[in-house]
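Engineer: This structure is in structure tokens; I'll ask about it shortly.
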Amino acid sequence: MKYSILKSALFTVAATGFLVSCGSGGAIVSPPIGNIDSTPLKTQELTEEQAKNWKDYDLVTDTIPGMSINKAYTELLKGKKGKTVIVAVIDSGIDVEHEDLDDVIWTNEDEIPNNGKDDDNNGYIDDIHGWNFLGDIVDENLEYERIVRDKAMLPADMVAKAQKEYDKKVEEAAQQKAFYEQQVAAVKGFDAKLETATGKKDYTLEDVNAVDAGNDQELVQAKGIAGRVFPQYESFKNLIDLLQGEIDGLTALLNGDKLKTNYRKDILNDDPYTWDTPVYGNNEYSGPDPEKADAFHGTHVAGIIAAERDNGLGVNGVANNVEIMVLRAVSQADEYDKDIAKAIRYAADNGATIINGSFGKYHSTNPEWVWEAIKYAESKDVLFVNAAGNEGIDTDFTQVYPQDQELAGEEISDNFLTVGALNFEYGANLLANFSNYGKSSVDVFAPGVAIYSTAPNNKYRNAGGTSMAAPATAGVAAVIRSQYPKLTAAQVKQVIMDSGLTTSARVTLGGNAEDMKPFGETTVSGKMVNLYNALILASKM
């Protein structure tokens with residue numbers, strides 16, 4: 001599934017009580033940002049501007065653990081354009097008409113729009129901005145549900161693992177459903193309280209902060225919880241929608257509906273377990289919904305990477321000279337290995353030099369297809385930036401897909417970079433409470449909590465997850481490849497890992513205050529992604 005922002009929502013609710021030079025230019029002489037352990041902890045709340053753009057700030061100057069984006073553009077990139085870089089976003093689809101993205105969407109110049117022909121002979125008809133491998137599919141089942149449903153055609157060991165997971169989920173579902181329903185009821189109560197206090201149905205956090213709660217303890221509590229929820233979800237209503245979606249899924253699980261549906265067969269008419277099939281899908285880049293609601297995740301990811309900088313509109317993307325290739329291959333639940341592998345190959349064959357993958361799962365029917373595609377991308381010098389996942393677990397001991405290794409085993413390629421999520425609080429809470437980690441399986445960490453970016457229909461919203469940390473890192477990679485185009489994908493990966501900031505601080509894992517490790521033991525590099533330092537190191541290679 002797209003690594004859901006629901007995991008971080010539930011933590012929020014619970015926390016509230018319920019070498020040889022091959023670059024294109026000379027070495028940058030500015031000193032890199034060094035030891036940060038002496039940096040004082042930030043004791044003040046983030047301002048509204050800081051909260052919206054915290055990923056861009058500098059830890060030393062601002063005591064906010066961002067990626068020094070502003071510092072890099074001001075001190076190192078001023079007046080430098082670089083080479084245009086194509087970044088493929090494999091996701092839920094993208095609103096290509098968004099006001100902050102419409103000028104950064106990749107166009108296939110070898111294809112004549114809407115003539116019903118495959119002009120460039122790449123196998124895809126009218127693929128002007130990429131391809132939609134899902135066709136009209138929106139809803140889907142999780143991989144372990146599909147394996148149990150299709151067990152007659154799959155290996156017995158794979159089925160046994162999936163069946164165990166399915167049985168466990170069914171056993172837990174009733175209790176979880178009751179818990180979520182309690183949370184929805186509580187949040188609705190806070191929402192109603194604040195509607196009355198502010199006199200507004202669609203109130204903002206600024207409206208909430210202006211309310212004098214006096215001795216009304218329920219109002220004091222509602223204000224406090226709003227202060228935690230709004231920076232990430234903008235409203236209680238958005239959080240309620242997320243929780244209600246989980247309730248609906250649990251209801252379907254309890255009713256046995258998860259084993260009765262086959263969206264792939266009924267809508268796309270494609271066999272996901274057979275590789276050599278005719279081309280499937282279409283060129284509807286935001287999916288079948290006219291309101292583009294299903295394209296939120298991909299649109300948000302694209303904005304983090306490449307929203308048009310300094311145009312006076314909502315947000316600045318990390319990269320300033322990039323084009324986004326749209327590859328819709330991730331539904332509301334788990335992606336199919338076949339779609340991901342074909343999307344990777346499409347990106348590599350059509351000019352992308354970076355792929356962002358903000359999705360993942362814990363069961364896989366054909367992982368070899370994806371591994372082969374990753375190695376194919378490596379042969380084409382394409383960097384794959386991968387979200388680590390949002391279960392708050394050590395993935396050295398739990399296999400996640402996609403990945404370039406099995407558990408803590410040997411990597412299959414040098415072009416795969418896995419990213420965990422940072423919180424905006426420097427100190428013990430530096431790791432996002434939902435982020436996966438792993439000394440062997442997670443390469444770096446980057447901002448992934450309350451990230452403000454583009455949403456469909458010219459809107460902007462916060463979202464959190466390693467799904468946001470990956471595109472933040474992909475944006476950094478795009479800037480490096482733009483400024484230093486002779487660096488290989490493997491070199492760009494190493495630059496990002498070697499140049500980041502580190503700390504000796506002990507950090508909380510999985511939101512459990514009793515489970516802590518030194519930050520350096522949570523990741524391969526022991527580093528936090530930093531654009532400023534990355535550019536300095538890249539200039540010396």
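Within each chain, counting starts at residue 1; across the structure tokens, chains are named A, B, ... in the order shown, with ligands numbered 1 upward in that order.
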Using only C-alpha atoms, what does the table of region 37-79 of chain A residues within 9 Å of region 307-329 of chain A look like, with each row giving the shortest atom pair and its distance in Å to one decimal, sorted by chain and ascending number, as CSV?
Structural biologist:
```
residue,atom,partner,partner_atom,distance
A:Lys52,CA,A:Val315,CA,8.5
A:Asn53,CA,A:Val315,CA,8.1
A:Asp56,CA,A:Val318,CA,7.9
A:Ile69,CA,A:Val318,CA,7.0
```
Engineer: Could you give me, as a PyMOL selection string, the residues within 12 Å of Leu430 (chain A), counting only C-alpha atoms and dropping anything in the same chain fewer than 5 positions from it?
Structural biologist: chain A and resi 41-42+59+63-66+420-425+435+445-449+502-511+516-519+522+528
Engineer: Can you list, as a compact mmCIF listing (two decimals) with N, CA and C atoms, in the first residue's frame, every residue of region 213-382 of chain A that DSSP puts in helix (DSSP H, G or I)?
Structural biologist:
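As written to disk, result23.txt reads:
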```txt
# COMPACT_ATOMS: atom_id res chain seq x y z
N GLN A 217 -12.19 23.02 31.22
CA GLN A 217 -11.15 22.02 31.03
C GLN A 217 -11.33 21.22 29.73
N GLU A 218 -12.59 20.99 29.34
CA GLU A 218 -12.82 20.28 28.08
C GLU A 218 -12.33 21.12 26.90
N LEU A 219 -12.53 22.43 26.99
CA LEU A 219 -12.07 23.31 25.92
C LEU A 219 -10.55 23.41 25.93
N VAL A 220 -9.96 23.44 27.13
CA VAL A 220 -8.50 23.43 27.23
C VAL A 220 -7.94 22.18 26.55
N GLN A 221 -8.57 21.02 26.82
CA GLN A 221 -8.12 19.77 26.22
C GLN A 221 -8.29 19.79 24.71
N ALA A 222 -9.43 20.29 24.23
CA ALA A 222 -9.68 20.34 22.79
C ALA A 222 -8.66 21.23 22.09
N LYS A 223 -8.31 22.36 22.72
CA LYS A 223 -7.30 23.24 22.13
C LYS A 223 -5.94 22.54 22.07
N GLY A 224 -5.61 21.83 23.14
CA GLY A 224 -4.32 21.15 23.17
C GLY A 224 -4.20 20.08 22.11
N ILE A 225 -5.27 19.32 21.92
CA ILE A 225 -5.24 18.26 20.91
C ILE A 225 -5.23 18.86 19.51
N ALA A 226 -5.97 19.93 19.31
CA ALA A 226 -5.95 20.60 18.01
C ALA A 226 -4.54 21.08 17.67
N GLY A 227 -3.81 21.54 18.69
CA GLY A 227 -2.44 21.98 18.47
C GLY A 227 -1.53 20.88 17.97
N ARG A 228 -1.85 19.63 18.31
CA ARG A 228 -1.06 18.50 17.82
C ARG A 228 -1.56 17.98 16.47
N VAL A 229 -2.87 17.98 16.28
CA VAL A 229 -3.45 17.40 15.09
C VAL A 229 -3.36 18.33 13.87
N PHE A 230 -3.66 19.61 14.05
CA PHE A 230 -3.76 20.53 12.92
C PHE A 230 -2.46 20.70 12.13
N PRO A 231 -1.27 20.76 12.78
CA PRO A 231 -0.06 20.91 11.97
C PRO A 231 0.14 19.80 10.95
N GLN A 232 -0.40 18.62 11.22
CA GLN A 232 -0.23 17.51 10.28
C GLN A 232 -1.45 17.30 9.39
N TYR A 233 -2.65 17.49 9.93
CA TYR A 233 -3.86 17.13 9.19
C TYR A 233 -4.78 18.29 8.87
N PHE A 236 -9.70 18.56 12.24
CA PHE A 236 -10.19 17.32 12.82
C PHE A 236 -10.95 16.51 11.77
N LYS A 237 -11.59 17.18 10.84
CA LYS A 237 -12.39 16.48 9.83
C LYS A 237 -11.51 15.59 8.95
N ASN A 238 -10.32 16.07 8.59
CA ASN A 238 -9.41 15.25 7.80
C ASN A 238 -8.98 14.00 8.57
N LEU A 239 -8.73 14.16 9.88
CA LEU A 239 -8.35 13.02 10.70
C LEU A 239 -9.51 12.04 10.82
N ILE A 240 -10.71 12.56 10.98
CA ILE A 240 -11.89 11.70 11.06
C ILE A 240 -12.05 10.88 9.78
N ASP A 241 -11.83 11.52 8.64
CA ASP A 241 -11.93 10.79 7.36
C ASP A 241 -10.93 9.63 7.30
N LEU A 242 -9.71 9.87 7.77
CA LEU A 242 -8.70 8.82 7.77
C LEU A 242 -9.12 7.66 8.68
N LEU A 243 -9.58 7.99 9.87
CA LEU A 243 -9.98 6.96 10.82
C LEU A 243 -11.21 6.20 10.31
N GLN A 244 -12.13 6.91 9.67
CA GLN A 244 -13.33 6.26 9.16
C GLN A 244 -12.98 5.30 8.02
N GLY A 245 -11.99 5.66 7.23
CA GLY A 245 -11.55 4.75 6.18
C GLY A 245 -11.01 3.46 6.75
N GLU A 246 -10.30 3.56 7.89
CA GLU A 246 -9.80 2.36 8.54
C GLU A 246 -10.95 1.53 9.10
N ILE A 247 -11.95 2.19 9.64
CA ILE A 247 -13.12 1.48 10.17
C ILE A 247 -13.83 0.73 9.04
N ASP A 248 -13.98 1.39 7.90
CA ASP A 248 -14.64 0.74 6.76
C ASP A 248 -13.86 -0.49 6.31
N GLY A 249 -12.53 -0.40 6.30
CA GLY A 249 -11.71 -1.53 5.90
C GLY A 249 -11.82 -2.70 6.87
N LEU A 250 -11.87 -2.39 8.16
CA LEU A 250 -12.02 -3.44 9.17
C LEU A 250 -13.39 -4.10 9.08
N THR A 251 -14.40 -3.31 8.78
CA THR A 251 -15.75 -3.86 8.61
C THR A 251 -15.77 -4.85 7.44
N ALA A 252 -15.12 -4.47 6.34
CA ALA A 252 -15.05 -5.36 5.18
C ALA A 252 -14.28 -6.64 5.51
N LEU A 253 -13.23 -6.50 6.32
CA LEU A 253 -12.45 -7.66 6.72
C LEU A 253 -13.30 -8.62 7.57
N LEU A 254 -14.04 -8.08 8.52
CA LEU A 254 -14.88 -8.90 9.39
C LEU A 254 -16.00 -9.59 8.62
N ASP A 257 -15.49 -9.67 3.09
CA ASP A 257 -15.55 -9.05 1.76
C ASP A 257 -14.18 -9.00 1.09
N LYS A 258 -13.12 -9.00 1.88
CA LYS A 258 -11.77 -8.86 1.33
C LYS A 258 -11.39 -10.04 0.44
N LEU A 259 -12.03 -11.19 0.67
CA LEU A 259 -11.70 -12.38 -0.12
C LEU A 259 -12.67 -12.58 -1.28
N TYR A 263 -10.57 -6.75 -8.01
CA TYR A 263 -10.63 -5.53 -8.82
C TYR A 263 -9.81 -5.67 -10.10
N ARG A 264 -8.72 -6.36 -9.99
CA ARG A 264 -7.83 -6.52 -11.14
C ARG A 264 -8.54 -7.22 -12.29
N LYS A 265 -9.22 -8.29 -11.98
CA LYS A 265 -9.92 -9.06 -13.00
C LYS A 265 -11.15 -8.31 -13.51
N ASP A 266 -11.92 -7.74 -12.58
CA ASP A 266 -13.19 -7.14 -12.95
C ASP A 266 -13.04 -5.82 -13.70
N ILE A 267 -11.99 -5.04 -13.37
CA ILE A 267 -11.85 -3.70 -13.95
C ILE A 267 -10.77 -3.64 -15.03
N LEU A 268 -9.61 -4.23 -14.74
CA LEU A 268 -8.48 -4.10 -15.67
C LEU A 268 -8.37 -5.29 -16.62
N ALA A 293 -9.57 12.92 -6.26
CA ALA A 293 -9.30 12.62 -4.86
C ALA A 293 -8.29 11.50 -4.71
N ASP A 294 -8.31 10.54 -5.63
CA ASP A 294 -7.42 9.39 -5.53
C ASP A 294 -5.97 9.76 -5.84
N ALA A 295 -5.77 10.96 -6.39
CA ALA A 295 -4.42 11.38 -6.76
C ALA A 295 -3.75 12.21 -5.68
N PHE A 296 -4.34 12.27 -4.49
CA PHE A 296 -3.75 13.12 -3.44
C PHE A 296 -2.32 12.71 -3.13
N HIS A 297 -2.11 11.44 -2.86
CA HIS A 297 -0.80 10.98 -2.40
C HIS A 297 0.29 11.31 -3.42
N GLY A 298 0.04 10.98 -4.69
CA GLY A 298 1.04 11.25 -5.72
C GLY A 298 1.25 12.73 -5.97
N THR A 299 0.16 13.51 -5.89
CA THR A 299 0.27 14.95 -6.09
C THR A 299 1.10 15.58 -4.96
N HIS A 300 0.87 15.12 -3.76
CA HIS A 300 1.62 15.62 -2.60
C HIS A 300 3.11 15.29 -2.73
N VAL A 301 3.40 14.06 -3.13
CA VAL A 301 4.79 13.62 -3.33
C VAL A 301 5.46 14.46 -4.42
N ALA A 302 4.77 14.67 -5.54
CA ALA A 302 5.34 15.43 -6.64
C ALA A 302 5.68 16.86 -6.22
N GLY A 303 4.81 17.46 -5.41
CA GLY A 303 5.05 18.82 -4.95
C GLY A 303 6.27 18.94 -4.07
N ILE A 304 6.51 17.95 -3.24
CA ILE A 304 7.70 17.97 -2.38
C ILE A 304 8.96 17.99 -3.24
N ILE A 305 8.96 17.21 -4.29
CA ILE A 305 10.13 17.15 -5.17
C ILE A 305 10.27 18.42 -6.00
N ALA A 306 9.16 18.86 -6.60
CA ALA A 306 9.33 19.77 -7.74
C ALA A 306 8.34 20.90 -7.85
N ASP A 337 3.34 -6.33 -7.88
CA ASP A 337 4.74 -6.38 -8.30
C ASP A 337 4.88 -6.15 -9.80
N LYS A 338 3.96 -6.67 -10.55
CA LYS A 338 4.01 -6.53 -12.01
C LYS A 338 3.95 -5.06 -12.41
N ASP A 339 3.04 -4.30 -11.82
CA ASP A 339 2.90 -2.88 -12.16
C ASP A 339 4.14 -2.09 -11.79
N ILE A 340 4.68 -2.37 -10.59
CA ILE A 340 5.86 -1.64 -10.14
C ILE A 340 7.05 -1.95 -11.04
N ALA A 341 7.24 -3.21 -11.38
CA ALA A 341 8.37 -3.58 -12.23
C ALA A 341 8.25 -2.94 -13.61
N LYS A 342 7.04 -2.95 -14.17
CA LYS A 342 6.86 -2.35 -15.49
C LYS A 342 7.02 -0.82 -15.43
N ALA A 343 6.57 -0.21 -14.33
CA ALA A 343 6.73 1.24 -14.18
C ALA A 343 8.21 1.61 -14.06
N ILE A 344 8.98 0.83 -13.32
CA ILE A 344 10.42 1.09 -13.20
C ILE A 344 11.08 1.01 -14.58
N ARG A 345 10.72 -0.02 -15.34
CA ARG A 345 11.32 -0.18 -16.67
C ARG A 345 10.89 0.94 -17.61
N TYR A 346 9.64 1.37 -17.50
CA TYR A 346 9.17 2.50 -18.32
C TYR A 346 10.02 3.73 -18.01
N ALA A 347 10.19 4.02 -16.73
CA ALA A 347 10.97 5.20 -16.32
C ALA A 347 12.38 5.13 -16.87
N ALA A 348 13.02 3.97 -16.71
CA ALA A 348 14.41 3.82 -17.16
C ALA A 348 14.54 3.94 -18.68
N ASP A 349 13.53 3.48 -19.41
CA ASP A 349 13.58 3.49 -20.87
C ASP A 349 13.19 4.83 -21.47
N PRO A 367 8.53 -10.93 -6.13
CA PRO A 367 9.57 -9.93 -5.82
C PRO A 367 10.70 -9.94 -6.84
N GLU A 368 10.89 -11.09 -7.48
CA GLU A 368 11.99 -11.19 -8.45
C GLU A 368 11.78 -10.23 -9.62
N TRP A 369 10.52 -9.97 -10.01
CA TRP A 369 10.27 -9.03 -11.09
C TRP A 369 10.75 -7.63 -10.72
N VAL A 370 10.50 -7.24 -9.48
CA VAL A 370 10.90 -5.91 -9.03
C VAL A 370 12.41 -5.84 -8.87
N TRP A 371 13.03 -6.89 -8.31
CA TRP A 371 14.49 -6.90 -8.18
C TRP A 371 15.15 -6.81 -9.54
N GLU A 372 14.62 -7.54 -10.51
CA GLU A 372 15.19 -7.49 -11.87
C GLU A 372 15.02 -6.09 -12.46
N ALA A 373 13.89 -5.44 -12.18
CA ALA A 373 13.65 -4.09 -12.69
C ALA A 373 14.60 -3.09 -12.03
N ILE A 374 14.86 -3.25 -10.74
CA ILE A 374 15.80 -2.37 -10.04
C ILE A 374 17.19 -2.49 -10.65
N LYS A 375 17.61 -3.74 -10.93
CA LYS A 375 18.91 -3.94 -11.55
C LYS A 375 18.93 -3.40 -12.99
N TYR A 376 17.79 -3.50 -13.68
CA TYR A 376 17.70 -2.91 -15.02
C TYR A 376 17.86 -1.39 -14.93
N ALA A 377 17.20 -0.78 -13.94
CA ALA A 377 17.35 0.67 -13.75
C ALA A 377 18.79 1.03 -13.44
N GLU A 378 19.46 0.19 -12.66
CA GLU A 378 20.88 0.44 -12.36
C GLU A 378 21.70 0.43 -13.65
N SER A 379 21.38 -0.49 -14.55
CA SER A 379 22.11 -0.57 -15.82
C SER A 379 21.90 0.67 -16.67
```
Engineer: Please provide as a PyMOL selection string all residues within 8 Å of region 386-403 of chain A, with the sequence filter that same-chain residues fewer than 6 positions apart are discarded (counting only C-alpha atoms).
Structural biologist: chain A and resi 3-5+7-8+356-364+367+370-371+416-420+433-442+465-467+469-470+509-511
Engineer: Report as a list in words all protein, DNA and RNA residues lying within 9 Å of Gly351 (chain A), evaluated on only C-alpha atoms, omitting residues in the same chain fewer than 5 positions from it.
Structural biologist: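 Listing them by chain and then by number gives Val85, Ile86, Val87 and Tyr346 of chain A.
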